[in-house]
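Data block below; observations after.
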Amino acid sequence: MSKFSVNKDSVKLVIILACIALVSSLLLAVINIFTQVDEEAKLREAIGEAYSSPLTEEVIDFSSYDNIEKAEILNMFRAEDGAVVILSKSTNCYGAGTGISLIVVIKGNDIVEVVSYSHGETPGLGTNALTEEYLAKYEAFNVSDFVIDGTDATPNGYKKVENYTGATKSSNGVRDAVTNAVRAYVKVAKENA
Amino acid sequence: MRQKVKDTLEPLTHGIIKDNATFRLVLGTCPTLAVTTSGLNGLYMGLATTFVLVCSNAIISLLRKIIPRKVRIPCYILVIATFSTIVEMVMRKFLPAIYDVMGLFLSLIVVNCILLARAESFSSLNPVLPSVMDGLGIGLGFSMSLTLMGLVREFFGAGTFFGLVVPFMQNIKMTIFILPAGGFMVFGLLMVLYNLVVGEIEKKLHDYKHRKYIRETNPLLQAQEDEEKARRSGAIGGDK
């Protein structure tokens with residue numbers, strides 16, 4: 001027997017495993033073609049439901065912006081009436097895998113609309129901080145009500161909307177998402193306008 | 001628990017009641033506790049698992065003579081992973097709201113012990129049709145238990161029923177039922193209840209079958225009974 005002889009049985013094992021893997025990957029590839037999700041179209045549709053003015057094709061470049069801790073800007077659009085629509089995500093909450101994503105619409109100096117886009121909070125518990133009534137409390141404020149100065153990564157104690165009892169962590173996530181959106185608006189969008 | 005069956009429909013009823021995955025076999029506890037914060041979530045999770053279970057059982061049973069024993073576990077996992085990925089992709093496209101809530105647990109169907117247990121102990125030994133029936137039975141049993149648990153937790157924890165607000169529960173709802181601790185509580189209580197009720201029914205059924213069997217195999221008892229019957233019908237006829 002030579003040094004490089006191969007056991008026939010193990011070849012059979014490998015071939016069968018490889019065949020099954022090949023077939024399953026082909027199947028998945030075919031199904032993937034039919035179930036691809038166009039994320040941006042989905043987002044634009046959600047924004048259309050939340051805000052009356054249609055979006056322009058312009059996507060604001062926010063790559064130079066530094067996020068605050070546990071928060072992230074995902075997208076920035078400009079609406080036809082000049083408002084800036086920001087998709088802001090915060091992972092400072094319980095469903096940290098998904099995070100809380102909010103659509104924040106800012107026009108001039110006013111926060112016009114705050115709407116929940118996606119989240120992984122517990123229904124009946126964390127979702128209390130994502131109801132329309134709770135989010136609408138933020139719409140009473142101006143951009144200048146937020147303290148966004150300073151180079152450190154934490155939000156500067158914006159506490160004017162009280163946390164929802166029993167959903168403290170989710171409320172914090174909402175606050176961080178809104179604060180980060182306002183901060184990004186001031187630092188990026190206002191200059192571009 | 002290796003089993004071979006001849007009757008095609010037997011595994012269906014077995015899976016739903018006698019071998020109920022959640023309350024009898026105590027398999028798949030991870031999604032049971034994590035996802036059942038509401039009835040609808042439980043239902044969708046159960047249905048997703050049922051789909052994967054039926055498909056993977058069918059394929060594994062088809063391939064049972066080709067798959068070598070040495071690599072059977074990787075083969076099973078490959079088949080199961082394919083179908084759970086399909087479920088994930090389809091749900092992501094067509095049920096985004098449910099997908100967002102269950103996200104991680106959909107992919108975790110791959111390592112759900114129900115699937116591997118059924119592949120190893122049932123579908124790798126039986127032909128396609130009984131395997132599909134077994135998958136359907138176990139899956140439906142799992143879905144029903146998950147929906148039931150979700151409904152109980154939702155009703156007491158959030159005061160809703162399948163998402164509809166129940167007015168008189170709004171003032172006395174107890175948040176703990178939605179939290180993990182409440183999940184364990186509901187799980188334990190429902191398991192006790194299930195085994196009490198179903199155990200009692202099974203005992204009665206068994207007694208009845210036993211008595212019937214004795215009567216059928218004992219000609220003396222049968223003759224006695226026939227006589228009794230004849231006498232009774234005669235008496236009634238006489239009254240008229």
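A note on labels: chains of the structure tokens are A, B, ... as shown, every chain counts residues from 1, and ligands are counted from 1 in their shown order.
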Please, which residues in chain B fall within 7 Å of chain A when counting only C-alpha atoms, and what is the closest atom pair and distance in Å to one decimal for each, ordered by chain then residue number, as JSON lines?
{"residue": "B:Pro68", "atom": "CA", "partner": "A:Leu13", "partner_atom": "CA", "distance": 6.8}
{"residue": "B:Val71", "atom": "CA", "partner": "A:Leu13", "partner_atom": "CA", "distance": 6.8}
{"residue": "B:Cys75", "atom": "CA", "partner": "A:Leu17", "partner_atom": "CA", "distance": 6.5}
{"residue": "B:Leu78", "atom": "CA", "partner": "A:Ala21", "partner_atom": "CA", "distance": 6.8}
{"residue": "B:Thr82", "atom": "CA", "partner": "A:Ser24", "partner_atom": "CA", "distance": 5.9}
{"residue": "B:Ile86", "atom": "CA", "partner": "A:Leu28", "partner_atom": "CA", "distance": 6.7}
{"residue": "B:Met89", "atom": "CA", "partner": "A:Thr35", "partner_atom": "CA", "distance": 6.2}
{"residue": "B:Val90", "atom": "CA", "partner": "A:Thr35", "partner_atom": "CA", "distance": 6.1}
{"residue": "B:Lys93", "atom": "CA", "partner": "A:Thr35", "partner_atom": "CA", "distance": 5.6}
{"residue": "B:Asp100", "atom": "CA", "partner": "A:Gly120", "partner_atom": "CA", "distance": 6.2}
{"residue": "B:Val101", "atom": "CA", "partner": "A:Gly120", "partner_atom": "CA", "distance": 5.3}
{"residue": "B:Ala158", "atom": "CA", "partner": "A:Gly124", "partner_atom": "CA", "distance": 5.3}
For those residues, write N, CA, C and O atoms to a file as a PDB file, in the first residue's frame.
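Now in result-v8.pdb:
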ATOM      1  N   PRO B  68     -24.856   7.684   5.204  1.00  0.00           N
ATOM      2  CA  PRO B  68     -24.068   6.732   5.995  1.00  0.00           C
ATOM      3  C   PRO B  68     -24.196   7.037   7.484  1.00  0.00           C
ATOM      4  O   PRO B  68     -24.342   8.203   7.871  1.00  0.00           O
ATOM      5  N   VAL B  71     -21.841   9.813   9.213  1.00  0.00           N
ATOM      6  CA  VAL B  71     -22.010  11.261   9.062  1.00  0.00           C
ATOM      7  C   VAL B  71     -23.491  11.655   9.137  1.00  0.00           C
ATOM      8  O   VAL B  71     -23.892  12.647   8.571  1.00  0.00           O
ATOM      9  N   CYS B  75     -25.477  15.407   8.230  1.00  0.00           N
ATOM     10  CA  CYS B  75     -26.472  15.387   7.156  1.00  0.00           C
ATOM     11  C   CYS B  75     -27.816  15.911   7.650  1.00  0.00           C
ATOM     12  O   CYS B  75     -28.457  16.734   6.986  1.00  0.00           O
ATOM     13  N   LEU B  78     -27.674  19.614   8.088  1.00  0.00           N
ATOM     14  CA  LEU B  78     -27.679  20.311   6.790  1.00  0.00           C
ATOM     15  C   LEU B  78     -29.104  20.459   6.265  1.00  0.00           C
ATOM     16  O   LEU B  78     -29.514  21.553   5.849  1.00  0.00           O
ATOM     17  N   THR B  82     -31.200  23.988   6.002  1.00  0.00           N
ATOM     18  CA  THR B  82     -31.728  24.484   4.726  1.00  0.00           C
ATOM     19  C   THR B  82     -33.158  24.969   4.898  1.00  0.00           C
ATOM     20  O   THR B  82     -33.517  26.090   4.499  1.00  0.00           O
ATOM     21  N   ILE B  86     -34.896  28.734   4.772  1.00  0.00           N
ATOM     22  CA  ILE B  86     -35.993  29.074   3.858  1.00  0.00           C
ATOM     23  C   ILE B  86     -37.100  29.792   4.628  1.00  0.00           C
ATOM     24  O   ILE B  86     -37.603  30.848   4.205  1.00  0.00           O
ATOM     25  N   MET B  89     -36.082  33.336   5.397  1.00  0.00           N
ATOM     26  CA  MET B  89     -36.101  34.251   4.250  1.00  0.00           C
ATOM     27  C   MET B  89     -37.530  34.608   3.857  1.00  0.00           C
ATOM     28  O   MET B  89     -37.834  35.775   3.581  1.00  0.00           O
ATOM     29  N   VAL B  90     -38.405  33.595   3.869  1.00  0.00           N
ATOM     30  CA  VAL B  90     -39.799  33.849   3.481  1.00  0.00           C
ATOM     31  C   VAL B  90     -40.477  34.770   4.491  1.00  0.00           C
ATOM     32  O   VAL B  90     -41.176  35.718   4.124  1.00  0.00           O
ATOM     33  N   LYS B  93     -39.470  38.370   4.160  1.00  0.00           N
ATOM     34  CA  LYS B  93     -40.072  39.063   3.024  1.00  0.00           C
ATOM     35  C   LYS B  93     -41.554  39.360   3.270  1.00  0.00           C
ATOM     36  O   LYS B  93     -42.019  40.471   3.020  1.00  0.00           O
ATOM     37  N   ASP B 100     -39.258  40.608  12.890  1.00  0.00           N
ATOM     38  CA  ASP B 100     -38.526  41.496  13.790  1.00  0.00           C
ATOM     39  C   ASP B 100     -38.599  41.015  15.234  1.00  0.00           C
ATOM     40  O   ASP B 100     -37.633  41.121  15.980  1.00  0.00           O
ATOM     41  N   VAL B 101     -39.764  40.510  15.640  1.00  0.00           N
ATOM     42  CA  VAL B 101     -39.915  40.077  17.030  1.00  0.00           C
ATOM     43  C   VAL B 101     -39.139  38.786  17.281  1.00  0.00           C
ATOM     44  O   VAL B 101     -38.493  38.624  18.304  1.00  0.00           O
ATOM     45  N   ALA B 158     -50.466  41.250  29.776  1.00  0.00           N
ATOM     46  CA  ALA B 158     -50.715  42.496  29.046  1.00  0.00           C
ATOM     47  C   ALA B 158     -52.203  42.810  28.937  1.00  0.00           C
ATOM     48  O   ALA B 158     -52.582  43.865  28.422  1.00  0.00           O
TER      49      ALA B 158
END
Next on the checklist: DSSP on the backbone: which residues in range 17-237 of chain B end up as alpha helix (DSSP H)? Give the answer as a VMD selection string.
Outcome noted: chain B and resid 29 to 35 39 to 62 72 to 94 96 to 107 113 to 118 128 to 158 180 to 217 219 to 237
Item to check | Which of B:Thr13, B:Thr85, B:Glu154, B:Gly163 sits closest to Ile176 in chain B [using only C-alpha atoms] | outcome: B:Glu154
Next on the checklist: If DSSP is run on the backbone, what residues of range 26-239 of chain B are strand (DSSP E)? A reply as a PyMOL selection string would be ideal.
Outcome noted: chain B and resi 160-161+164-165
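Using only C-alpha atoms, the residues found no farther than 6 Å from Gly141 in chain B, other than those of its own chain fewer than 3 positions away, are Ile16, Asn20, Ile138 and Met144 of chain B.
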Residue selection dump (N, CA and C atoms) as an mmCIF file, in the first residue's frame:
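Printed below is out16.cif as written:
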data_model
loop_
_atom_site.group_PDB
_atom_site.id
_atom_site.type_symbol
_atom_site.label_atom_id
_atom_site.label_comp_id
_atom_site.auth_asym_id
_atom_site.auth_seq_id
_atom_site.Cartn_x
_atom_site.Cartn_y
_atom_site.Cartn_z
ATOM 1 N N ILE B 16 -49.495 14.852 18.741
ATOM 2 C CA ILE B 16 -50.256 15.980 19.287
ATOM 3 C C ILE B 16 -50.496 15.807 20.780
ATOM 4 N N ASN B 20 -46.676 14.974 23.302
ATOM 5 C CA ASN B 20 -46.637 16.435 23.147
ATOM 6 C C ASN B 20 -45.244 16.958 23.472
ATOM 7 N N ILE B 138 -46.186 16.158 15.735
ATOM 8 C CA ILE B 138 -45.324 16.802 16.739
ATOM 9 C C ILE B 138 -45.380 18.322 16.561
ATOM 10 N N MET B 144 -49.663 24.166 19.256
ATOM 11 C CA MET B 144 -50.789 24.350 20.172
ATOM 12 C C MET B 144 -50.304 24.715 21.572
#
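Residues within 7 Å of Gly42 in chain B, counting only C-alpha atoms and excluding same-chain residues fewer than 4 positions away, are Val35, Thr36, Ser38, Gly46, Ser143, Leu146, Thr147 and Gly150 of chain B.
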With C-alpha atoms kept, could you save the residues just selected as a CSV table (one decimal), in the first residue's frame?
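What follows is the written file again.csv:
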chain,number,residue,atom,x,y,z
B,35,VAL,CA,-41.0,33.6,22.2
B,36,THR,CA,-44.4,33.0,24.0
B,38,SER,CA,-48.1,36.7,23.1
B,46,GLY,CA,-45.0,26.8,16.2
B,143,SER,CA,-47.8,25.0,18.0
B,146,LEU,CA,-46.9,27.5,22.4
B,147,THR,CA,-50.1,29.3,21.4
B,150,GLY,CA,-48.6,32.7,24.8
Item to check | Minimum-distance residue to Tyr44 in chain B, chosen among B:Ser121, B:Leu62, B:Leu25, B:Phe142 (using only C-alpha atoms) | outcome: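 Ranked by minimum distance to Tyr44 in chain B, first place goes to B:Phe142.
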Checklist entry - Hey, what's within 12 Å of Leu196 in chain B if we count only C-alpha atoms and toss same-chain stuff fewer than 6 positions away? As a VMD selection string, please? => result chain B and resid 23 to 24 189 to 190 202 to 203
Checklist entry - Quick one: residues within 10 Å of Tyr51 in chain A, only C-alpha atoms counted, chain neighbours fewer than 6 positions away excluded, as a list in words? => result Ala79, Ala83, Val85, Ile103, Val104, Val105, Val112, Glu113, Val114 and Val115 of chain A
Item to check | Gap from CA of Cys93 in chain A to CA of Leu130 in chain A - Å, one decimal | outcome: 11.7 Å
Checklist entry - Which neighbours of Met133 in chain B fall inside 7 Å, counting only C-alpha atoms, when residues of the same chain fewer than 2 positions from it are skipped, and could you give them as a VMD selection string? => result chain B and resid 9 11 to 12 129 to 131 135 to 137
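Between CA of Ser64 in chain A and CA of Arg183 in chain A there is a distance of 12.8 Å.
Note that CA of Lys173 in chain B and CA of Leu43 in chain B are 22.0 Å apart.
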